[in-house]
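K.L.:
So that you have it, the file is target-v1.csv, and it contains CSV, C-alpha atoms:
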chain,number,residue,atom,x,y,z
A,15,MET,CA,-48.8,16.2,156.1
A,16,ALA,CA,-45.1,17.3,156.1
A,17,MET,CA,-44.9,16.8,152.4
A,18,LEU,CA,-48.1,18.7,151.8
A,19,ILE,CA,-46.8,21.6,153.9
A,20,GLY,CA,-43.5,21.6,152.1
A,21,ALA,CA,-45.1,21.5,148.7
A,22,LEU,CA,-47.5,24.3,149.5
A,23,THR,CA,-44.7,26.4,151.0
A,24,LEU,CA,-42.7,26.0,147.8
A,25,PHE,CA,-45.7,26.9,145.7
A,26,ALA,CA,-46.3,30.0,147.8
A,27,TYR,CA,-42.7,31.1,147.4
A,28,LEU,CA,-42.7,30.5,143.6
A,29,LEU,CA,-46.1,32.3,143.2
A,30,GLY,CA,-44.7,35.2,145.3
A,31,SER,CA,-41.7,35.3,143.1
A,32,VAL,CA,-43.8,36.4,140.1
A,33,SER,CA,-43.3,40.2,140.1
A,34,SER,CA,-46.5,41.7,138.9
A,35,ALA,CA,-45.1,45.2,139.0
A,36,VAL,CA,-42.4,44.4,136.5
A,37,LEU,CA,-44.7,42.4,134.3
A,38,VAL,CA,-47.5,45.1,134.3
A,39,CYS,CA,-44.9,47.8,133.6
A,40,ARG,CA,-43.6,45.8,130.6
A,41,ILE,CA,-47.1,45.3,129.2
A,42,TRP,CA,-47.9,49.0,129.7
A,43,GLY,CA,-44.6,50.2,128.3
A,44,LEU,CA,-43.6,51.8,131.6
A,45,PRO,CA,-40.1,52.1,133.0
A,46,ASP,CA,-38.8,49.2,135.1
A,47,PRO,CA,-40.0,50.0,138.7
A,48,ARG,CA,-36.8,48.5,140.0
A,49,GLN,CA,-34.8,51.2,138.3
A,50,HIS,CA,-37.1,54.2,138.5
A,51,GLY,CA,-39.1,56.1,141.1
A,52,SER,CA,-38.5,54.6,144.5
A,53,HIS,CA,-36.9,51.5,142.9
A,54,ASN,CA,-39.5,49.4,144.6
A,55,PRO,CA,-41.5,46.9,142.5
A,56,GLY,CA,-44.8,47.5,144.2
A,57,ALA,CA,-48.2,49.2,143.6
A,58,THR,CA,-47.2,52.5,145.1
A,59,ASN,CA,-44.2,53.0,142.8
A,60,VAL,CA,-46.2,51.8,139.8
A,61,LEU,CA,-48.8,54.4,140.7
A,62,ARG,CA,-46.1,57.1,140.5
A,63,LEU,CA,-44.8,55.7,137.2
A,64,GLY,CA,-48.0,54.8,135.3
A,65,GLY,CA,-51.1,55.9,137.1
A,66,LYS,CA,-54.1,54.2,138.8
A,67,LEU,CA,-55.0,51.3,136.5
A,68,PRO,CA,-51.6,49.5,136.3
A,69,ALA,CA,-51.2,50.2,140.0
A,70,VAL,CA,-54.5,48.6,140.9
A,71,LEU,CA,-53.7,45.5,138.8
A,72,VAL,CA,-50.4,45.2,140.6
A,73,LEU,CA,-52.1,45.5,143.9
A,74,LEU,CA,-54.7,42.9,143.2
A,75,PHE,CA,-52.2,40.4,141.9
A,76,ASP,CA,-49.9,40.9,144.8
A,77,ILE,CA,-52.7,40.4,147.2
A,78,LEU,CA,-53.7,37.1,145.5
A,79,LYS,CA,-50.1,35.9,145.8
A,80,GLY,CA,-50.7,35.7,149.5
A,81,THR,CA,-54.3,34.7,149.5
A,82,ILE,CA,-54.3,31.8,147.1
A,83,PRO,CA,-51.7,29.6,148.9
A,84,VAL,CA,-52.9,30.4,152.4
A,85,TRP,CA,-56.5,29.9,151.6
A,86,GLY,CA,-55.6,26.6,149.9
A,87,GLY,CA,-53.7,25.5,153.1
A,88,TYR,CA,-56.7,26.5,155.2
A,89,PHE,CA,-59.0,24.3,153.2
A,90,LEU,CA,-56.5,21.4,153.3
A,91,GLY,CA,-56.5,21.5,157.1
A,92,LEU,CA,-53.1,23.0,157.8
A,93,ASP,CA,-52.6,24.2,161.4
A,94,PRO,CA,-51.9,27.9,162.2
A,95,LEU,CA,-48.1,27.4,162.3
A,96,ALA,CA,-48.1,25.8,158.9
A,97,LEU,CA,-50.3,28.5,157.5
A,98,ALA,CA,-47.8,31.1,158.9
A,99,LEU,CA,-45.0,29.3,157.0
A,100,VAL,CA,-47.0,29.4,153.8
A,101,GLY,CA,-47.8,33.1,154.2
A,102,ALA,CA,-44.2,34.0,155.1
A,103,ALA,CA,-43.0,32.0,152.0
A,104,ALA,CA,-45.3,34.0,149.7
A,105,CYS,CA,-44.0,37.2,151.2
A,106,LEU,CA,-40.4,36.1,150.9
A,107,GLY,CA,-41.1,35.2,147.3
A,108,HIS,CA,-42.3,38.8,146.7
A,109,ILE,CA,-39.3,40.3,148.6
A,110,TYR,CA,-36.7,38.0,147.1
A,111,PRO,CA,-38.2,36.8,143.8
A,112,LEU,CA,-36.5,33.8,142.3
A,113,PHE,CA,-37.4,34.9,138.7
A,114,PHE,CA,-36.3,38.5,139.0
A,115,GLY,CA,-32.8,38.4,140.5
A,116,PHE,CA,-34.0,38.3,144.1
A,117,LYS,CA,-34.8,42.0,144.0
A,118,GLY,CA,-38.4,42.5,145.0
A,119,GLY,CA,-40.8,44.7,146.8
A,120,LYS,CA,-41.8,45.3,150.5
A,121,GLY,CA,-44.4,42.5,150.6
A,122,VAL,CA,-47.2,44.6,152.2
A,123,ALA,CA,-50.0,43.6,149.7
A,124,THR,CA,-48.9,40.0,149.7
A,125,ALA,CA,-48.9,39.9,153.5
A,126,PHE,CA,-52.3,41.5,153.5
A,127,GLY,CA,-53.5,38.8,151.1
A,128,ALA,CA,-52.0,36.1,153.5
A,129,MET,CA,-54.0,37.5,156.4
A,130,ALA,CA,-57.3,38.1,154.5
A,131,PRO,CA,-58.5,34.4,154.9
A,132,ILE,CA,-58.8,35.0,158.6
A,133,GLY,CA,-62.1,36.7,157.9
A,134,TRP,CA,-63.9,39.7,156.5
A,135,ASP,CA,-63.7,41.5,159.9
A,136,MET,CA,-59.9,41.2,159.9
A,137,THR,CA,-59.7,42.3,156.3
A,138,GLY,CA,-61.8,45.3,156.9
A,139,ALA,CA,-59.9,46.3,160.0
A,140,LEU,CA,-56.6,46.1,158.1
A,141,ILE,CA,-57.9,48.2,155.2
A,142,VAL,CA,-59.4,50.9,157.4
A,143,THR,CA,-56.2,51.1,159.4
A,144,TRP,CA,-53.9,51.5,156.4
A,145,LEU,CA,-56.2,53.9,154.6
A,146,GLY,CA,-56.7,56.0,157.7
A,147,VAL,CA,-53.0,56.4,158.4
A,148,ALA,CA,-52.0,56.8,154.8
A,149,LEU,CA,-54.7,59.4,154.0
A,150,LEU,CA,-54.1,61.3,157.2
A,151,THR,CA,-50.3,61.4,157.0
A,152,ARG,CA,-49.8,60.9,153.2
A,153,TYR,CA,-47.2,58.3,154.0
A,154,SER,CA,-47.9,54.9,152.4
A,155,SER,CA,-45.1,53.3,154.3
A,156,LEU,CA,-46.3,54.6,157.6
A,157,GLY,CA,-49.7,53.1,156.9
A,158,ALA,CA,-48.1,49.8,156.3
A,159,ILE,CA,-45.9,50.0,159.4
A,160,VAL,CA,-48.8,51.0,161.7
A,161,THR,CA,-51.0,48.3,160.2
A,162,CYS,CA,-48.4,45.6,160.8
A,163,LEU,CA,-48.0,46.8,164.4
A,164,VAL,CA,-51.7,46.4,165.2
A,165,ALA,CA,-52.5,43.4,163.0
A,166,PRO,CA,-51.6,40.9,165.7
A,167,VAL,CA,-53.9,42.7,168.1
A,168,TYR,CA,-56.8,42.5,165.6
A,169,THR,CA,-56.0,38.8,165.1
A,170,TYR,CA,-56.2,38.2,168.8
A,171,LEU,CA,-59.6,39.9,169.0
A,172,PHE,CA,-61.1,38.1,165.9
A,173,LYS,CA,-59.4,34.7,165.8
A,174,SER,CA,-56.8,34.4,168.6
A,175,GLN,CA,-55.4,31.0,167.4
A,176,TYR,CA,-53.7,32.8,164.4
A,177,THR,CA,-52.1,35.6,166.5
A,178,ALA,CA,-48.6,34.1,166.4
A,179,SER,CA,-48.9,33.3,162.7
A,180,VAL,CA,-49.8,36.9,161.9
A,181,ALA,CA,-47.1,38.3,164.2
A,182,LEU,CA,-44.5,36.2,162.3
A,183,VAL,CA,-45.5,37.7,158.9
A,184,CYS,CA,-45.7,41.2,160.4
A,185,VAL,CA,-42.2,41.0,161.8
A,186,LEU,CA,-40.9,40.1,158.3
A,187,ILE,CA,-42.7,43.1,156.8
A,188,LEU,CA,-41.5,45.5,159.5
A,189,TRP,CA,-37.9,44.3,158.9
A,190,ARG,CA,-38.3,45.0,155.2
A,191,HIS,CA,-39.4,48.6,156.1
A,192,ARG,CA,-36.4,49.4,158.2
A,193,ALA,CA,-35.1,51.9,155.6
A,194,ASN,CA,-38.5,53.6,155.5
A,195,ILE,CA,-38.6,53.8,159.3
A,196,LEU,CA,-35.2,55.5,159.2
A,197,ARG,CA,-36.4,58.0,156.5
A,198,LEU,CA,-39.6,58.7,158.4
A,199,TRP,CA,-37.5,59.5,161.5
A,200,ARG,CA,-35.3,61.8,159.4
A,201,GLY,CA,-38.2,63.4,157.7
A,202,THR,CA,-37.0,62.4,154.2
A,203,GLU,CA,-39.6,59.8,153.4
A,204,PRO,CA,-41.6,60.7,150.2
A,205,LYS,CA,-45.3,61.2,150.6
A,206,LEU,CA,-48.0,59.7,148.3
A,207,GLY,CA,-47.8,61.3,144.9
A,208,GLN,CA,-44.3,62.7,145.6
A,209,LYS,CA,-41.2,61.5,143.9
A,210,LYS,CA,-38.4,60.1,145.9
A,211,ARG,CA,-35.6,62.6,146.5
A,212,PRO,CA,-32.5,62.2,144.3
A,213,ALA,CA,-30.3,61.9,147.4
A,214,GLU,CA,-32.2,58.9,148.5
Show this structure as structure tokens.
P.N.:
Amino acid sequence: MAMLIGALTLFAYLLGSVSSAVLVCRIWGLPDPRQHGSHNPGATNVLRLGGKLPAVLVLLFDILKGTIPVWGGYFLGLDPLALALVGAAACLGHIYPLFFGFKGGKGVATAFGAMAPIGWDMTGALIVTWLGVALLTRYSSLGAIVTCLVAPVYTYLFKSQYTASVALVCVLILWRHRANILRLWRGTEPKLGQKKRPAE
């Protein structure tokens, strides 16, 4: 079982290391998202650089990077702690991609994909929370932060055995958003559809 966990964790990291934002931007002839916009290779920045279709493709692939290995581990009978390691590995791959100089995105979509196998009720709650906060405030990052804060609570209500696992992944994503939290506090965080300030 230890070898299975190790192999699946490695697979999750390598899959997470495939930067869909960079690849989609290359196919669409768009600027490198690591060097333009917010410099974050994620769906939100691709939306700023190229519009809805490439952004949706990036979002879907980033979600699958978390869902595929975690769902695989679930069907192979891994316990919640092992699934947490697999999910965290996928997020770490997205944040520190082996194939793209260890310069990746925030890991939000991948973390969502890792949590999605818990159930449709959990998935729906996460989507509604992020959409509600993001649309109300126009801050994508705040939507992600709030969703990460409440995700362990949702997990406890729906499938409590995965609460610690989800909390582990959420801590990783919140740590990755530390610069966004500081900009939100200072009032300099760009809103949806708004370009990042040159000073940032």
K.L.:
So, counting all atoms listed in the file, which residue among A:Leu18, A:Ile109, A:Ile141, A:Ala193 is closest to Asp93 (chain A)?
P.N.:
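Under the stated criterion, the closest residue is A:Leu18.
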K.L.:
Which residues of region 108-204 of chain A come within 12 Å of region 46-55 of chain A, and what is each one's closest atom pair and distance in Å (one decimal), counting only C-alpha atoms, sorted by chain and residue number, as JSON lines?
P.N.:
{"residue": "A:His108", "atom": "CA", "partner": "A:Pro55", "partner_atom": "CA", "distance": 9.2}
{"residue": "A:Ile109", "atom": "CA", "partner": "A:Pro55", "partner_atom": "CA", "distance": 9.3}
{"residue": "A:Tyr110", "atom": "CA", "partner": "A:Pro55", "partner_atom": "CA", "distance": 11.1}
{"residue": "A:Pro111", "atom": "CA", "partner": "A:Pro55", "partner_atom": "CA", "distance": 10.7}
{"residue": "A:Phe114", "atom": "CA", "partner": "A:Arg48", "partner_atom": "CA", "distance": 10.1}
{"residue": "A:Gly115", "atom": "CA", "partner": "A:Arg48", "partner_atom": "CA", "distance": 10.9}
{"residue": "A:Phe116", "atom": "CA", "partner": "A:Arg48", "partner_atom": "CA", "distance": 11.3}
{"residue": "A:Lys117", "atom": "CA", "partner": "A:Arg48", "partner_atom": "CA", "distance": 7.9}
{"residue": "A:Gly118", "atom": "CA", "partner": "A:Pro55", "partner_atom": "CA", "distance": 5.9}
{"residue": "A:Gly119", "atom": "CA", "partner": "A:Pro55", "partner_atom": "CA", "distance": 4.9}
{"residue": "A:Lys120", "atom": "CA", "partner": "A:Asn54", "partner_atom": "CA", "distance": 7.5}
{"residue": "A:Gly121", "atom": "CA", "partner": "A:Pro55", "partner_atom": "CA", "distance": 9.7}
{"residue": "A:Val122", "atom": "CA", "partner": "A:Pro55", "partner_atom": "CA", "distance": 11.5}
{"residue": "A:Ala123", "atom": "CA", "partner": "A:Pro55", "partner_atom": "CA", "distance": 11.6}
{"residue": "A:Ser155", "atom": "CA", "partner": "A:Asn54", "partner_atom": "CA", "distance": 11.9}
{"residue": "A:Arg190", "atom": "CA", "partner": "A:Asn54", "partner_atom": "CA", "distance": 11.5}
{"residue": "A:His191", "atom": "CA", "partner": "A:Asn54", "partner_atom": "CA", "distance": 11.5}
{"residue": "A:Ala193", "atom": "CA", "partner": "A:Ser52", "partner_atom": "CA", "distance": 11.9}
{"residue": "A:Asn194", "atom": "CA", "partner": "A:Ser52", "partner_atom": "CA", "distance": 11.0}
{"residue": "A:Glu203", "atom": "CA", "partner": "A:Ser52", "partner_atom": "CA", "distance": 10.4}
{"residue": "A:Pro204", "atom": "CA", "partner": "A:Ser52", "partner_atom": "CA", "distance": 8.9}
K.L.:
Restricting it to C-alpha atoms, dump the selection as a short mmCIF file (atom, residue, chain, number, x, y, z; two decimals), keeping the file's coordinate frame.
P.N.:
data_model
loop_
_atom_site.label_atom_id
_atom_site.label_comp_id
_atom_site.auth_asym_id
_atom_site.auth_seq_id
_atom_site.Cartn_x
_atom_site.Cartn_y
_atom_site.Cartn_z
CA HIS A 108 -42.30 38.80 146.70
CA ILE A 109 -39.30 40.30 148.60
CA TYR A 110 -36.70 38.00 147.10
CA PRO A 111 -38.20 36.80 143.80
CA PHE A 114 -36.30 38.50 139.00
CA GLY A 115 -32.80 38.40 140.50
CA PHE A 116 -34.00 38.30 144.10
CA LYS A 117 -34.80 42.00 144.00
CA GLY A 118 -38.40 42.50 145.00
CA GLY A 119 -40.80 44.70 146.80
CA LYS A 120 -41.80 45.30 150.50
CA GLY A 121 -44.40 42.50 150.60
CA VAL A 122 -47.20 44.60 152.20
CA ALA A 123 -50.00 43.60 149.70
CA SER A 155 -45.10 53.30 154.30
CA ARG A 190 -38.30 45.00 155.20
CA HIS A 191 -39.40 48.60 156.10
CA ALA A 193 -35.10 51.90 155.60
CA ASN A 194 -38.50 53.60 155.50
CA GLU A 203 -39.60 59.80 153.40
CA PRO A 204 -41.60 60.70 150.20
#
K.L.:
Of the candidates A:Val32, A:Leu99, A:Leu37, A:Ala26, which shows the shortest atom-to-atom distance to Ile82 (chain A), using all atoms listed in the file?
P.N.:
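Among A:Val32, A:Leu99, A:Leu37, A:Ala26, it is A:Ala26 that comes nearest to Ile82 (chain A).
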K.L.:
With all atoms listed in the file as the counted atoms, please give the residues lying no more than 12 Å from Lys205 (chain A), apart from itself and same-chain residues fewer than 3 positions off, as a compact mmCIF listing (two decimals) with C-alpha atoms, in the coordinates of the input.
P.N.:
# COMPACT_ATOMS: atom_id res chain seq x y z
CA SER A 52 -38.50 54.60 144.50
CA THR A 58 -47.20 52.50 145.10
CA ASN A 59 -44.20 53.00 142.80
CA ARG A 62 -46.10 57.10 140.50
CA VAL A 147 -53.00 56.40 158.40
CA ALA A 148 -52.00 56.80 154.80
CA LEU A 149 -54.70 59.40 154.00
CA LEU A 150 -54.10 61.30 157.20
CA THR A 151 -50.30 61.40 157.00
CA ARG A 152 -49.80 60.90 153.20
CA TYR A 153 -47.20 58.30 154.00
CA SER A 154 -47.90 54.90 152.40
CA SER A 155 -45.10 53.30 154.30
CA LEU A 156 -46.30 54.60 157.60
CA GLY A 157 -49.70 53.10 156.90
CA ASN A 194 -38.50 53.60 155.50
CA ARG A 197 -36.40 58.00 156.50
CA LEU A 198 -39.60 58.70 158.40
CA GLY A 201 -38.20 63.40 157.70
CA THR A 202 -37.00 62.40 154.20
CA GLN A 208 -44.30 62.70 145.60
CA LYS A 209 -41.20 61.50 143.90
CA LYS A 210 -38.40 60.10 145.90
CA ARG A 211 -35.60 62.60 146.50
K.L.:
CA of Ile19 (chain A) and CA of Ser179 (chain A) are how many Å apart?
P.N.:
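Taking CA of Ile19 (chain A) as the start and CA of Ser179 (chain A) as the end point, the length is 14.8 Å.
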K.L.:
CA of Thr81 (chain A) and CA of Tyr27 (chain A), how far apart in Å?
P.N.:
12.3 Å
K.L.:
Taking 4 positions as the minimum chain separation for residues in the same chain, which residues sit within 8 Å of region 166-169 of chain A when counting all atoms listed in the file? Answer as a short mmCIF file (atom, residue, chain, number, x, y, z; two decimals) with C-alpha atoms, in the coordinates of the input.
P.N.:
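What follows is the written file part_22.cif:
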data_model
loop_
_atom_site.label_atom_id
_atom_site.label_comp_id
_atom_site.auth_asym_id
_atom_site.auth_seq_id
_atom_site.Cartn_x
_atom_site.Cartn_y
_atom_site.Cartn_z
CA MET A 136 -59.90 41.20 159.90
CA ALA A 139 -59.90 46.30 160.00
CA CYS A 162 -48.40 45.60 160.80
CA LYS A 173 -59.40 34.70 165.80
CA SER A 174 -56.80 34.40 168.60
CA TYR A 176 -53.70 32.80 164.40
CA THR A 177 -52.10 35.60 166.50
CA ALA A 178 -48.60 34.10 166.40
CA VAL A 180 -49.80 36.90 161.90
CA ALA A 181 -47.10 38.30 164.20
CA CYS A 184 -45.70 41.20 160.40
#
K.L.:
Compare A:Leu22, A:Leu44, A:Val60, A:Ala103 by their minimum atom-to-atom distance to Tyr88 (chain A), counting only C-alpha atoms, and give me the closest one.
P.N.:
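Result for the nearest residue to Tyr88 (chain A): A:Leu22.
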K.L.:
Could you state the separation of CA of Gly101 (chain A) and CA of Gly127 (chain A) in Å, given to one decimal place?
P.N.:
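That distance, rounded to one decimal, is 8.6 Å.
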K.L.:
I'd like to know which of A:Leu182, A:Leu188, A:Val142, A:Ala102 is closest to Leu163 (chain A), using all atoms listed in the file.
P.N.:
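Among the listed residues, the smallest separation from Leu163 (chain A) belongs to A:Leu188.
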